[in-house]
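Chemist: Here you go, this is input_36.cif (mmCIF, C-alpha atoms).
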```
data_data
loop_
_atom_site.label_atom_id
_atom_site.label_comp_id
_atom_site.auth_asym_id
_atom_site.auth_seq_id
_atom_site.Cartn_x
_atom_site.Cartn_y
_atom_site.Cartn_z
CA MET N 1 0.00 0.00 0.00
CA GLN N 2 1.33 3.39 -0.88
CA GLU N 3 1.21 6.20 1.61
CA THR N 4 1.55 9.90 1.14
CA THR N 5 4.36 11.34 3.18
CA ARG N 6 5.33 14.97 3.60
CA ILE N 7 9.00 15.60 3.09
CA THR N 8 10.67 17.88 5.60
CA CYS N 9 13.66 19.62 4.12
CA SER N 10 15.89 19.18 7.11
CA GLN N 11 16.09 15.40 6.89
CA PRO N 12 15.95 13.95 3.43
CA THR N 13 16.82 10.51 4.72
CA LYS N 14 17.16 7.30 2.79
CA HIS N 15 13.74 6.35 4.10
CA ALA N 16 12.23 9.49 2.64
CA MET N 17 13.79 8.65 -0.71
CA ASN N 18 11.66 5.55 -0.93
CA VAL N 19 8.41 7.45 -0.90
CA THR N 20 6.48 6.46 -3.95
CA ASN N 21 3.65 8.92 -3.81
CA PHE N 22 4.48 12.53 -3.34
CA LEU N 23 1.41 14.46 -4.24
CA PRO N 24 0.67 17.23 -4.57
CA PHE N 25 4.00 18.92 -5.19
CA ASP N 26 4.11 21.74 -2.67
CA HIS N 27 5.62 24.99 -3.88
CA LYS N 28 5.96 26.32 -0.39
CA TYR N 29 8.70 23.76 0.24
CA TRP N 30 10.41 24.67 -2.98
CA LYS N 31 10.63 28.37 -2.18
CA ASN N 32 11.99 27.92 1.32
CA SER N 33 14.64 25.34 0.62
CA ASP N 34 18.30 25.58 -0.33
CA ASN N 35 19.95 23.97 -3.32
CA VAL N 36 20.65 20.64 -1.61
CA CYS N 37 17.06 20.27 -0.56
CA ARG N 38 15.91 21.52 -3.94
CA SER N 39 17.70 18.78 -5.80
CA LYS N 40 16.14 16.23 -3.50
CA LEU N 41 12.75 17.82 -4.05
CA LEU N 42 13.39 17.67 -7.78
CA ILE N 43 14.03 13.98 -7.41
CA MET N 44 10.89 13.55 -5.32
CA SER N 45 8.79 15.33 -7.89
CA LEU N 46 10.04 13.13 -10.66
CA LYS N 47 9.56 10.00 -8.60
CA SER N 48 5.87 10.66 -8.31
CA SER N 49 5.46 10.49 -12.07
CA SER N 50 5.07 6.77 -12.40
CA ASN N 51 6.23 3.55 -10.81
CA LEU N 52 7.02 2.03 -14.18
CA SER N 53 9.09 4.86 -15.55
CA PRO N 54 12.85 4.58 -15.70
CA PRO N 55 14.70 5.54 -12.54
CA TRP N 56 13.99 9.19 -11.91
CA GLN N 57 17.49 10.14 -10.84
CA VAL N 58 18.57 9.65 -14.42
CA LEU N 59 16.44 12.59 -15.56
CA VAL N 60 18.24 14.90 -13.24
CA LEU N 61 21.52 13.67 -14.70
CA VAL N 62 20.51 13.89 -18.35
CA ALA N 63 18.74 17.24 -17.97
CA ASN N 64 22.05 19.07 -17.70
CA HIS N 65 22.98 17.87 -21.18
CA LEU N 66 19.74 18.76 -22.95
CA ASP N 67 19.47 21.59 -25.45
CA PRO N 68 16.92 24.35 -24.73
CA LYS N 69 14.31 23.07 -27.15
CA THR N 70 14.35 19.55 -25.74
CA LEU N 71 14.21 20.89 -22.19
CA ALA N 72 11.21 23.02 -23.06
CA ILE N 73 9.47 20.05 -24.68
CA ALA N 74 10.28 17.95 -21.64
CA SER N 75 8.70 20.54 -19.38
CA CYS N 76 5.33 19.91 -21.06
CA VAL N 77 5.34 16.20 -20.34
CA CYS N 78 3.60 16.31 -16.98
CA LYS N 79 3.24 18.54 -13.94
CA SER N 80 6.25 17.36 -12.01
CA TRP N 81 8.48 17.48 -15.06
CA SER N 82 7.33 21.01 -15.77
CA ILE N 83 8.75 22.08 -12.44
CA SER N 84 12.00 20.18 -12.67
CA MET N 85 12.69 21.00 -16.32
CA SER N 86 12.16 24.71 -15.76
CA SER N 87 14.54 24.92 -12.86
CA ASP N 88 16.83 27.97 -12.80
CA HIS N 89 19.93 25.84 -12.32
CA LEU N 90 19.30 24.23 -15.72
CA TRP N 91 18.37 27.39 -17.55
CA GLN N 92 20.85 29.84 -16.08
CA PRO N 93 23.87 28.51 -18.02
CA ILE N 94 21.82 28.29 -21.21
CA CYS N 95 20.62 31.86 -20.81
CA ALA N 96 24.07 33.10 -19.90
CA ALA N 97 25.50 31.53 -23.04
CA GLN N 98 22.87 32.62 -25.51
CA TYR N 99 21.45 35.84 -24.14
CA PRO N 100 24.04 37.16 -21.72
CA SER N 101 22.66 40.68 -21.93
CA LEU N 102 19.34 39.52 -20.52
CA CYS N 103 20.73 37.79 -17.48
CA THR N 104 20.86 41.03 -15.54
CA LEU N 105 17.06 41.09 -15.70
CA HIS N 106 16.90 38.05 -13.45
CA ALA N 107 17.04 40.16 -10.34
CA ALA N 108 15.76 43.42 -11.82
CA ALA N 109 12.20 43.26 -10.54
CA SER N 110 11.33 42.67 -6.90
CA ALA N 111 10.15 39.19 -7.82
CA ALA N 112 12.89 37.29 -9.62
CA VAL N 113 12.21 36.34 -13.21
CA SER N 114 13.05 32.74 -13.99
CA TYR N 115 15.86 32.05 -16.42
CA LEU N 116 13.50 30.02 -18.56
CA LYS N 117 11.28 33.06 -18.92
CA LEU N 118 14.30 35.16 -19.83
CA TYR N 119 15.32 32.63 -22.45
CA THR N 120 11.84 32.75 -23.97
CA LEU N 121 11.99 36.55 -24.01
CA GLY N 122 15.41 36.47 -25.63
CA TYR N 123 14.28 34.06 -28.32
CA MET N 124 11.14 36.03 -29.16
CA SER N 125 12.93 39.36 -29.14
CA GLU N 126 15.60 38.06 -31.50
CA LYS N 127 12.88 36.92 -33.87
CA ARG N 128 11.16 40.27 -33.75
CA ARG N 129 14.32 42.16 -34.57
CA VAL N 130 14.78 40.33 -37.83
CA ARG N 131 11.12 40.26 -38.75
CA LYS N 132 10.31 41.15 -42.36
CA PRO N 133 7.54 43.70 -43.00
CA LEU N 134 4.11 42.40 -43.98
CA LYS N 135 3.02 42.50 -47.58
CA PRO N 136 1.36 45.83 -48.29
CA ASN N 137 -2.41 45.93 -48.26
CA LEU N 138 -2.30 48.24 -51.20
CA SER N 139 -1.22 47.33 -54.69
CA LEU N 140 -0.50 49.39 -57.77
CA GLN N 141 -3.75 48.10 -59.25
CA ASP N 142 -5.70 49.97 -56.60
CA ILE N 143 -4.40 53.43 -57.39
CA PHE N 144 -3.87 55.92 -60.19
CA PHE N 145 -1.57 58.90 -60.57
CA ALA N 146 -2.91 62.28 -61.56
CA ILE N 147 -0.21 64.76 -62.48
CA ASP N 148 -0.84 68.35 -63.57
CA ILE N 149 1.63 70.99 -64.53
CA ASN N 150 0.50 74.58 -64.84
CA ASN N 151 2.17 77.82 -65.65
CA LYS N 152 0.71 81.19 -64.84
CA SER N 153 -1.79 81.11 -67.69
CA SER N 154 -2.69 77.56 -68.49
CA CYS N 155 -2.21 73.86 -67.92
CA ILE N 156 0.85 72.84 -69.88
CA ALA N 157 0.74 69.13 -69.24
CA THR N 158 -1.58 66.73 -67.62
CA THR N 159 -1.77 63.00 -67.31
CA ILE N 160 -3.83 60.35 -65.57
CA LYS N 161 -2.11 57.01 -65.30
CA PRO N 162 -3.72 53.96 -63.66
CA GLY N 163 -1.31 51.97 -61.54
CA CYS N 164 -1.90 48.81 -63.56
CA GLU N 165 -0.53 50.56 -66.62
CA LEU N 166 2.67 51.65 -64.92
CA GLU N 167 5.76 49.91 -66.17
CA VAL N 168 7.50 48.51 -63.12
CA ASP N 169 11.20 49.30 -62.96
CA LYS N 170 13.34 46.22 -63.51
CA ASN N 171 15.03 46.74 -60.17
CA GLY N 172 11.71 46.79 -58.34
CA VAL N 173 12.08 50.40 -57.20
CA PHE N 174 9.33 52.96 -57.09
CA ARG N 175 10.21 54.89 -60.21
CA PHE N 176 8.07 55.16 -63.28
CA ASP N 177 8.36 56.76 -66.68
CA ILE N 178 5.12 58.13 -68.03
CA ASP N 179 4.67 59.36 -71.59
CA VAL N 180 2.54 62.44 -72.00
CA LYS N 181 0.11 62.42 -74.91
CA ARG N 182 0.72 65.12 -77.45
CA ASP N 183 -2.77 66.49 -77.10
CA LYS N 184 -2.28 66.82 -73.34
CA SER N 185 0.82 68.90 -73.63
CA VAL N 186 1.21 72.55 -74.52
CA ALA N 187 4.37 74.47 -75.38
CA PHE N 188 5.69 76.86 -72.72
CA ASP N 189 8.62 79.07 -71.95
CA PRO N 190 11.27 77.26 -69.95
CA THR N 191 11.73 80.28 -67.73
CA ASP N 192 8.10 80.19 -66.62
CA ASN N 193 7.18 79.56 -63.03
CA LEU N 194 5.45 76.21 -62.86
CA ARG N 195 3.06 74.66 -60.41
CA ILE N 196 3.26 70.88 -60.19
CA THR N 197 0.66 68.68 -58.55
CA TRP N 198 1.02 64.93 -58.20
CA ASN N 199 -1.88 63.14 -56.58
CA VAL N 200 -2.18 59.47 -55.84
CA VAL N 201 -5.84 58.49 -55.90
CA MET N 202 -7.55 55.30 -54.74
CA LYS N 203 -9.70 53.59 -57.37
CA GLY N 204 -13.24 54.77 -57.12
CA PHE N 205 -12.07 58.04 -55.56
CA GLU N 206 -12.20 56.59 -52.09
CA SER N 207 -9.20 58.54 -50.89
CA VAL N 208 -6.36 60.68 -52.13
CA PHE N 209 -2.85 61.55 -51.09
CA THR N 210 -0.99 64.51 -52.53
CA MET N 211 2.53 63.31 -53.20
CA MET N 212 3.74 66.66 -54.37
CA GLU N 213 2.52 70.16 -54.72
CA CYS N 214 5.20 72.64 -55.49
CA ARG N 215 5.93 75.78 -57.39
CA GLY N 216 9.06 76.98 -59.00
CA LYS N 217 11.15 76.86 -62.04
CA GLY N 218 12.49 73.46 -61.32
CA ASN N 219 16.12 72.76 -61.95
CA PHE N 220 16.34 72.87 -65.65
CA VAL N 221 19.60 71.46 -66.77
CA LEU N 222 21.06 71.06 -70.21
CA GLY N 223 19.50 68.05 -71.84
CA LEU N 224 16.12 69.47 -71.14
CA GLN N 225 15.06 67.87 -67.95
CA GLY N 226 13.25 69.76 -65.26
CA TRP N 227 13.59 68.39 -61.81
CA PHE N 228 11.22 68.92 -58.89
CA SER N 229 11.19 67.36 -55.46
CA LYS N 230 9.24 67.57 -52.24
CA GLU N 231 9.75 66.02 -48.85
CA LEU N 232 7.04 63.51 -47.90
CA PRO N 233 5.36 63.76 -44.51
CA LEU N 234 5.75 61.20 -41.76
CA PRO N 235 2.61 59.14 -41.13
CA GLY N 236 1.41 60.39 -37.78
CA CYS N 237 0.48 56.95 -36.45
CA CYS N 238 4.07 55.74 -36.08
CA LEU N 239 6.00 58.73 -34.81
CA SER N 240 4.95 62.26 -34.06
CA GLY N 241 7.20 64.87 -35.60
CA GLY N 242 10.50 64.14 -37.25
CA ALA N 243 11.25 63.54 -40.89
CA SER N 244 10.07 60.63 -42.99
CA GLY N 245 13.37 60.49 -44.84
CA LEU N 246 11.45 60.21 -48.11
CA VAL N 247 11.21 62.60 -50.99
CA ALA N 248 8.79 62.66 -53.93
CA ASP N 249 10.75 63.18 -57.10
CA LEU N 250 9.48 64.31 -60.48
CA ARG N 251 11.45 64.92 -63.63
CA LEU N 252 10.14 66.38 -66.85
CA GLY N 253 11.42 65.19 -70.17
CA LEU N 254 11.15 68.06 -72.66
CA ARG N 255 11.49 68.58 -76.36
CA ILE N 256 11.95 71.80 -78.19
CA SER N 257 9.09 73.14 -80.27
CA GLY N 258 9.52 76.49 -81.92
CA GLY N 259 11.11 78.77 -79.38
CA LYS N 260 9.48 76.95 -76.53
CA VAL N 261 9.48 73.53 -74.88
CA VAL N 262 6.91 70.80 -74.55
CA VAL N 263 6.65 68.14 -71.91
CA GLU N 264 6.76 64.79 -73.60
CA LYS N 265 7.64 62.54 -70.66
CA MET N 266 7.46 62.53 -66.89
CA SER N 267 9.45 60.39 -64.51
CA VAL N 268 8.14 60.07 -60.99
CA GLY N 269 9.55 58.27 -58.02
CA VAL N 270 10.21 58.24 -54.30
CA LEU N 271 13.77 58.63 -53.02
CA SER N 272 15.25 57.99 -49.64
CA VAL N 273 17.26 60.95 -48.38
CA VAL N 274 19.36 58.60 -46.28
CA SER N 275 20.68 56.48 -49.14
CA TRP N 276 19.78 58.78 -52.05
CA ARG N 277 18.34 55.82 -53.86
CA TYR N 278 14.88 55.04 -55.04
CA VAL N 279 12.82 53.14 -52.51
CA TRP N 280 11.26 49.70 -53.14
CA VAL N 281 7.74 49.62 -54.53
CA ASP N 282 6.43 47.64 -51.54
CA ASP N 283 7.95 50.11 -49.11
CA VAL N 284 6.19 53.04 -50.84
CA LEU N 285 2.92 51.09 -50.92
CA ARG N 286 3.25 50.45 -47.18
CA TYR N 287 3.88 54.18 -46.76
CA LEU N 288 0.87 55.14 -48.87
CA GLN N 289 -1.33 52.68 -46.93
CA HIS N 290 -1.20 55.01 -43.97
CA PHE N 291 -2.87 57.74 -45.96
CA LEU N 292 -5.06 55.91 -48.42
CA LEU N 293 -6.54 53.03 -46.44
CA PRO N 294 -8.99 53.55 -43.57
CA MET L 1 53.74 -7.23 -4.77
CA SER L 2 55.65 -7.84 -8.01
CA SER L 3 55.21 -5.13 -10.58
CA SER L 4 54.54 -7.63 -13.37
CA GLU L 5 51.39 -8.79 -11.65
CA GLU L 6 48.32 -6.70 -12.16
CA ARG L 7 46.29 -6.08 -9.07
CA LYS L 8 42.78 -7.37 -9.48
CA LEU L 9 39.53 -6.51 -7.82
CA ILE L 10 36.31 -8.47 -7.55
CA LEU L 11 33.09 -6.57 -8.11
CA LYS L 12 29.80 -8.10 -7.05
CA SER L 13 26.57 -7.03 -8.68
CA SER L 14 23.27 -6.59 -6.85
CA ASP L 15 22.20 -10.04 -8.07
CA ASN L 16 25.34 -11.61 -6.61
CA GLU L 17 27.32 -12.18 -9.75
CA GLU L 18 31.05 -11.63 -9.39
CA PHE L 19 33.32 -9.96 -11.93
CA VAL L 20 37.10 -9.85 -11.83
CA VAL L 21 38.64 -6.63 -13.11
CA LYS L 22 42.05 -5.05 -13.17
CA GLU L 23 42.43 -2.45 -10.45
CA SER L 24 43.94 -0.07 -12.98
CA SER L 25 40.75 -0.20 -15.04
CA ALA L 26 38.43 -0.13 -12.08
CA VAL L 27 39.81 3.04 -10.60
CA GLN L 28 38.33 4.99 -13.50
CA CYS L 29 35.28 4.73 -11.26
CA LEU L 30 35.98 7.25 -8.55
CA THR L 31 33.74 5.42 -6.11
CA ILE L 32 35.97 2.37 -6.40
CA LYS L 33 39.12 4.49 -6.49
CA ASN L 34 38.16 6.08 -3.18
CA LEU L 35 37.58 2.69 -1.62
CA VAL L 36 40.99 1.51 -2.79
CA GLU L 37 42.79 4.62 -1.60
CA ASP L 38 41.08 4.52 1.76
CA ARG L 39 42.01 0.87 2.01
CA CYS L 40 38.37 -0.04 2.52
CA VAL L 41 38.35 -2.67 -0.13
CA SER L 42 36.54 -5.77 0.88
CA ASP L 43 36.69 -8.84 -1.27
CA PRO L 44 34.46 -8.75 -3.29
CA ILE L 45 33.27 -5.12 -3.52
CA PRO L 46 29.46 -5.17 -3.31
CA LEU L 47 27.70 -2.85 -5.74
CA ALA L 48 24.15 -2.85 -4.46
CA ASN L 49 22.80 -0.52 -7.10
CA VAL L 50 24.10 -2.23 -10.22
CA ASP L 51 22.81 -5.50 -11.63
CA SER L 52 24.96 -8.00 -13.50
CA LYS L 53 23.74 -7.10 -16.98
CA ILE L 54 24.63 -3.46 -16.51
CA LEU L 55 27.81 -4.15 -14.59
CA ALA L 56 29.08 -6.32 -17.43
CA LEU L 57 28.56 -3.44 -19.85
CA VAL L 58 30.24 -0.98 -17.54
CA ILE L 59 33.22 -3.28 -17.24
CA GLU L 60 33.38 -3.66 -21.00
CA PHE L 61 33.56 0.12 -21.39
CA MET L 62 35.93 0.51 -18.49
CA GLU L 63 38.44 -2.00 -19.82
CA LYS L 64 38.34 -0.58 -23.33
CA HIS L 65 39.05 2.90 -22.08
CA ALA L 66 41.83 1.72 -19.78
CA GLU L 67 43.75 0.23 -22.70
CA THR L 68 46.74 2.44 -23.29
CA THR L 69 47.40 0.92 -26.70
CA LEU L 70 44.24 2.30 -28.21
CA SER L 71 44.16 5.71 -29.84
CA ASN L 72 41.51 8.27 -29.02
CA SER L 73 39.77 7.79 -32.34
CA GLU L 74 39.62 4.04 -31.79
CA LYS L 75 38.06 4.64 -28.39
CA LYS L 76 35.57 7.02 -30.01
CA GLU L 77 34.66 4.36 -32.56
CA PHE L 78 34.08 1.92 -29.75
CA ASP L 79 31.90 4.48 -27.96
CA VAL L 80 29.75 4.96 -31.05
CA GLU L 81 29.04 1.24 -31.21
CA PHE L 82 28.71 0.91 -27.46
CA VAL L 83 25.81 3.34 -27.24
CA LYS L 84 23.76 1.55 -29.86
CA LYS L 85 21.54 0.07 -27.22
CA PRO L 86 17.88 0.37 -26.28
CA PHE L 87 17.08 3.68 -24.63
CA ASP L 88 16.11 2.03 -21.36
CA ASP L 89 19.48 0.32 -21.14
CA LEU L 90 21.22 3.64 -21.67
CA LEU L 91 19.29 5.12 -18.78
CA GLU L 92 20.21 2.25 -16.51
CA LEU L 93 23.83 2.61 -17.55
CA ILE L 94 23.68 6.29 -16.66
CA LEU L 95 22.51 5.45 -13.18
CA ALA L 96 25.28 2.93 -12.76
CA ALA L 97 27.89 5.34 -14.09
CA ASN L 98 26.63 7.95 -11.67
CA TYR L 99 26.70 5.58 -8.73
CA LEU L 100 30.22 4.47 -9.63
CA ASP L 101 31.23 8.03 -10.41
CA PHE L 102 32.59 7.08 -13.82
CA ARG L 103 32.83 10.47 -15.49
CA GLU L 104 33.83 9.37 -18.98
CA LEU L 105 31.03 6.85 -19.30
CA MET L 106 28.55 9.37 -17.90
CA ASP L 107 29.49 11.97 -20.47
CA VAL L 108 29.26 9.57 -23.40
CA LEU L 109 25.89 8.25 -22.24
CA CYS L 110 24.32 11.60 -21.35
CA ASN L 111 25.41 13.15 -24.62
CA THR L 112 23.98 10.21 -26.52
CA CYS L 113 20.67 10.41 -24.72
CA ALA L 114 20.50 14.15 -25.18
CA LYS L 115 21.22 13.77 -28.87
CA GLN L 116 18.54 11.11 -29.24
CA MET L 117 16.02 13.26 -27.43
CA GLU L 118 16.74 16.26 -29.61
CA ASN L 119 13.84 15.98 -31.98
CA TRP L 120 11.35 14.20 -29.83
CA SER L 121 7.83 15.47 -29.44
CA VAL L 122 6.19 15.72 -26.03
CA GLU L 123 4.33 12.48 -26.71
CA GLU L 124 7.52 10.64 -27.62
CA VAL L 125 9.20 11.76 -24.41
CA ARG L 126 6.21 10.49 -22.44
CA GLU L 127 6.31 7.17 -24.25
CA LYS L 128 10.02 6.58 -23.91
CA PHE L 129 10.11 7.51 -20.23
CA ASN L 130 6.76 5.89 -19.54
CA ILE L 131 5.29 9.01 -17.95
CA GLN L 132 1.63 9.48 -17.18
CA ASN L 133 0.26 12.76 -18.42
CA ASP L 134 -1.46 14.38 -15.45
CA TYR L 135 -2.43 17.56 -17.27
CA THR L 136 -5.97 18.39 -18.26
CA VAL L 137 -6.40 19.52 -21.86
CA GLU L 138 -6.46 23.18 -20.85
CA GLU L 139 -3.50 22.83 -18.51
CA GLU L 140 -1.42 21.22 -21.22
CA LYS L 141 -2.35 23.93 -23.70
CA ALA L 142 -1.31 26.54 -21.15
CA ALA L 143 1.97 24.75 -20.46
CA ARG L 144 2.78 24.58 -24.17
CA ALA L 145 1.80 28.21 -24.66
CA GLU L 146 4.46 29.27 -22.16
CA ASN L 147 7.21 28.16 -24.50
CA PRO L 148 5.71 28.50 -27.97
CA TRP L 149 9.14 28.71 -29.55
CA ALA L 150 9.83 25.09 -28.74
CA PHE L 151 7.00 24.00 -30.97
CA GLU L 152 7.86 25.91 -34.08
#
```
Rewrite the structure of this file - the entire thing - as structure tokens.

Modeler:
Amino acid sequence: MQETTRITCSQPTKHAMNVTNFLPFDHKYWKNSDNVCRSKLLIMSLKSSSNLSPPWQVLVLVANHLDPKTLAIASCVCKSWSISMSSDHLWQPICAAQYPSLCTLHAAASAAVSYLKLYTLGYMSEKRRVRKPLKPNLSLQDIFFAIDINNKSSCIATTIKPGCELEVDKNGVFRFDIDVKRDKSVAFDPTDNLRITWNVVMKGFESVFTMMECRGKGNFVLGLQGWFSKELPLPGCCLSGGASGLVADLRLGLRISGGKVVVEKMSVGVLSVVSWRYVWVDDVLRYLQHFLLP
Amino acid sequence: MSSSEERKLILKSSDNEEFVVKESSAVQCLTIKNLVEDRCVSDPIPLANVDSKILALVIEFMEKHAETTLSNSEKKEFDVEFVKKPFDDLLELILAANYLDFRELMDVLCNTCAKQMENWSVEEVREKFNIQNDYTVEEEKAARAENPWAFE
């Protein structure tokens, strides 16, 4: 007949070792005991698992050699194993080896955080740091560009280009060349002050984001290209204030007609001011999401 | 005692089988070494916690590793073959090695077991160790949810 016996920490005698039923495992004993008693309690807890299982002392011996994943799996086997396999003395060396910078957190709060918990935190935090962004919820098919260029007297070029018709740059960056139809383009004096508006509109006119609205002469260089740029705002939901680091970029391709010039092509894109390179299409779509999607 | 004669010890298993071993091999087990050094050696040395089947295996390992003529790689090859045993036997050997304080054998066995356990699922661990699951469905879910990374 099996009897339940309480173990007193002060005398873990040989007799006590033969106890076959040690239920329930009492945490009060665990907290108040030193390491010697703790290892005996560990043994006790394992012993209660089953009379047919292999000798329980062997678990204590093998546990020191197990890798973190196996230890964690082992801790889900049954209640007593969950206590023994999560013991600090097993997890402290693992944590110290893999996440040494987190070990100081063990005693940071008034209640000590277990090393197993710290390991879990370390693992998850490492994963988060290298996480890739989610696919954008917006695609080029959902939007169209509306670009208007005016001088003082009239509209000198206008174009509406659905996103699905945009030719995607072979490098996958957000930069598109758009031809302007002859009938949508009027000759103008290159010294004129121009007003440029570039709107990105959701299909069905559900929402709009003004990529660029600027005035000026642009930077007309030899080779007949006018260049305009405008800093893009930071989406307010992520950070308040500060720069987005992005710039909307528009270049006009011109041809000479009589004494004046005509816009025959526009190139639009988004540049990063940090790298001075065009930004990936997906990154710009994720940016635009903030302003175009509810 | 002439130096050409090897000192021998007799080890007696829990089921009363006797094994003769060279003292030089046997002292790899610190438990035995301590007995010898403290001159507490009785004839035979009773090993109450080790049965004959396991003791024979321990002696096999012990004698192989005591051979000075063997290279380390030959000993490693032997170890690889030695551990090809049923899991339960390995566990019993671990207990014996622990009782005898035979560090080398312990390390080989524990590393082998740990390696075998590496990709086991929770159910496999239960099966191999013959553990009764005393969790309710919710409790087990909660236990697993504490270390989700182990189940990826």

Chemist: Dump as JSON lines the rows for residues of chain N within 9 Å of chain L: closest atom pair and distance in Å with one decimal, all atoms listed in the file counted, ordered by chain and rising residue number.

Modeler:
```
{"residue": "N:Ser49", "atom": "CA", "partner": "L:Ile131", "partner_atom": "CA", "distance": 6.1}
{"residue": "N:Ser50", "atom": "CA", "partner": "L:Ile131", "partner_atom": "CA", "distance": 6.0}
{"residue": "N:Leu52", "atom": "CA", "partner": "L:Asn130", "partner_atom": "CA", "distance": 6.6}
{"residue": "N:Ser53", "atom": "CA", "partner": "L:Asn130", "partner_atom": "CA", "distance": 4.7}
{"residue": "N:Pro54", "atom": "CA", "partner": "L:Phe129", "partner_atom": "CA", "distance": 6.1}
{"residue": "N:Pro55", "atom": "CA", "partner": "L:Glu92", "partner_atom": "CA", "distance": 7.5}
{"residue": "N:Gln57", "atom": "CA", "partner": "L:Leu95", "partner_atom": "CA", "distance": 7.3}
{"residue": "N:Val58", "atom": "CA", "partner": "L:Leu95", "partner_atom": "CA", "distance": 5.9}
{"residue": "N:Leu59", "atom": "CA", "partner": "L:Leu91", "partner_atom": "CA", "distance": 8.6}
{"residue": "N:Leu61", "atom": "CA", "partner": "L:Cys110", "partner_atom": "CA", "distance": 7.5}
{"residue": "N:Val62", "atom": "CA", "partner": "L:Cys110", "partner_atom": "CA", "distance": 5.4}
{"residue": "N:Ala63", "atom": "CA", "partner": "L:Ala114", "partner_atom": "CA", "distance": 8.0}
{"residue": "N:Asn64", "atom": "CA", "partner": "L:Cys110", "partner_atom": "CA", "distance": 8.6}
{"residue": "N:His65", "atom": "CA", "partner": "L:Ala114", "partner_atom": "CA", "distance": 6.0}
{"residue": "N:Leu66", "atom": "CA", "partner": "L:Ala114", "partner_atom": "CA", "distance": 5.2}
{"residue": "N:Asp67", "atom": "CA", "partner": "L:Glu118", "partner_atom": "CA", "distance": 7.3}
{"residue": "N:Pro68", "atom": "CA", "partner": "L:Ala150", "partner_atom": "CA", "distance": 8.2}
{"residue": "N:Lys69", "atom": "CA", "partner": "L:Ala150", "partner_atom": "CA", "distance": 5.2}
{"residue": "N:Thr70", "atom": "CA", "partner": "L:Glu118", "partner_atom": "CA", "distance": 5.6}
{"residue": "N:Leu71", "atom": "CA", "partner": "L:Ala150", "partner_atom": "CA", "distance": 8.9}
{"residue": "N:Ala72", "atom": "CA", "partner": "L:Ala150", "partner_atom": "CA", "distance": 6.2}
{"residue": "N:Ile73", "atom": "CA", "partner": "L:Val122", "partner_atom": "CA", "distance": 5.6}
{"residue": "N:Ala74", "atom": "CA", "partner": "L:Val122", "partner_atom": "CA", "distance": 6.4}
{"residue": "N:Ser75", "atom": "CA", "partner": "L:Ala143", "partner_atom": "CA", "distance": 8.0}
{"residue": "N:Cys76", "atom": "CA", "partner": "L:Ala143", "partner_atom": "CA", "distance": 5.9}
{"residue": "N:Val77", "atom": "CA", "partner": "L:Val122", "partner_atom": "CA", "distance": 5.8}
{"residue": "N:Cys78", "atom": "CA", "partner": "L:Asn133", "partner_atom": "CA", "distance": 5.1}
{"residue": "N:Lys79", "atom": "CA", "partner": "L:Asp134", "partner_atom": "CA", "distance": 6.5}
{"residue": "N:Ser80", "atom": "CA", "partner": "L:Asp134", "partner_atom": "CA", "distance": 9.0}
{"residue": "N:Ser82", "atom": "CA", "partner": "L:Ala143", "partner_atom": "CA", "distance": 8.0}
{"residue": "N:Leu116", "atom": "CA", "partner": "L:Asn147", "partner_atom": "CA", "distance": 8.8}
{"residue": "N:Lys117", "atom": "CA", "partner": "L:Glu146", "partner_atom": "CA", "distance": 8.4}
{"residue": "N:Thr120", "atom": "CA", "partner": "L:Asn147", "partner_atom": "CA", "distance": 6.5}
{"residue": "N:Tyr123", "atom": "CA", "partner": "L:Trp149", "partner_atom": "CA", "distance": 7.5}
{"residue": "N:Met124", "atom": "CA", "partner": "L:Trp149", "partner_atom": "CA", "distance": 7.6}
```

Chemist: Can you measure CA of Val168 (chain N) to CA of Val261 (chain N) for me? One decimal in Å is fine.

Modeler: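 Taking CA of Val168 (chain N) as the start and CA of Val261 (chain N) as the end point, the length is 27.7 Å.
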
Chemist: Quick one: axis-aligned box around all listed atoms of region 94-98 of chain L, 3 Å on every side, centre and edge lengths in Å to one decimal, written as lines of an AutoDock Vina configuration file.

Modeler:
```
center_x = 25.2
center_y = 5.4
center_z = -14.2
size_x = 11.4
size_y = 11.0
size_z = 11.0
```

Chemist: Between CA of Glu167 (chain N) and CA of Gly204 (chain N), what is the spacing in Å?

Modeler: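 Between CA of Gly204 (chain N) and CA of Glu167 (chain N) the gap is 21.6 Å.
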
Chemist: Between N:Val279, N:Ile147, N:Leu254, N:Leu234, which has the minimum distance to Glu213 (chain N) (counting all atoms listed in the file)?

Modeler: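 So, comparing all the options, the nearest one is N:Ile147.
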
Chemist: To test your reading of the syntax: which residues would the PyMOL selection byres ((chain N and resi 253) around 8) return for the file shown? Reply as an mmCIF file with C-alpha atoms, in the frame of the given file.

Modeler:
```
data_model
loop_
_atom_site.group_PDB
_atom_site.id
_atom_site.type_symbol
_atom_site.label_atom_id
_atom_site.label_comp_id
_atom_site.auth_asym_id
_atom_site.auth_seq_id
_atom_site.Cartn_x
_atom_site.Cartn_y
_atom_site.Cartn_z
ATOM 1 C CA LEU N 224 16.120 69.470 -71.140
ATOM 2 C CA GLN N 225 15.060 67.870 -67.950
ATOM 3 C CA GLY N 226 13.250 69.760 -65.260
ATOM 4 C CA ARG N 251 11.450 64.920 -63.630
ATOM 5 C CA LEU N 252 10.140 66.380 -66.850
ATOM 6 C CA LEU N 254 11.150 68.060 -72.660
ATOM 7 C CA ARG N 255 11.490 68.580 -76.360
ATOM 8 C CA VAL N 263 6.650 68.140 -71.910
ATOM 9 C CA GLU N 264 6.760 64.790 -73.600
ATOM 10 C CA LYS N 265 7.640 62.540 -70.660
ATOM 11 C CA MET N 266 7.460 62.530 -66.890
ATOM 12 C CA SER N 267 9.450 60.390 -64.510
#
```
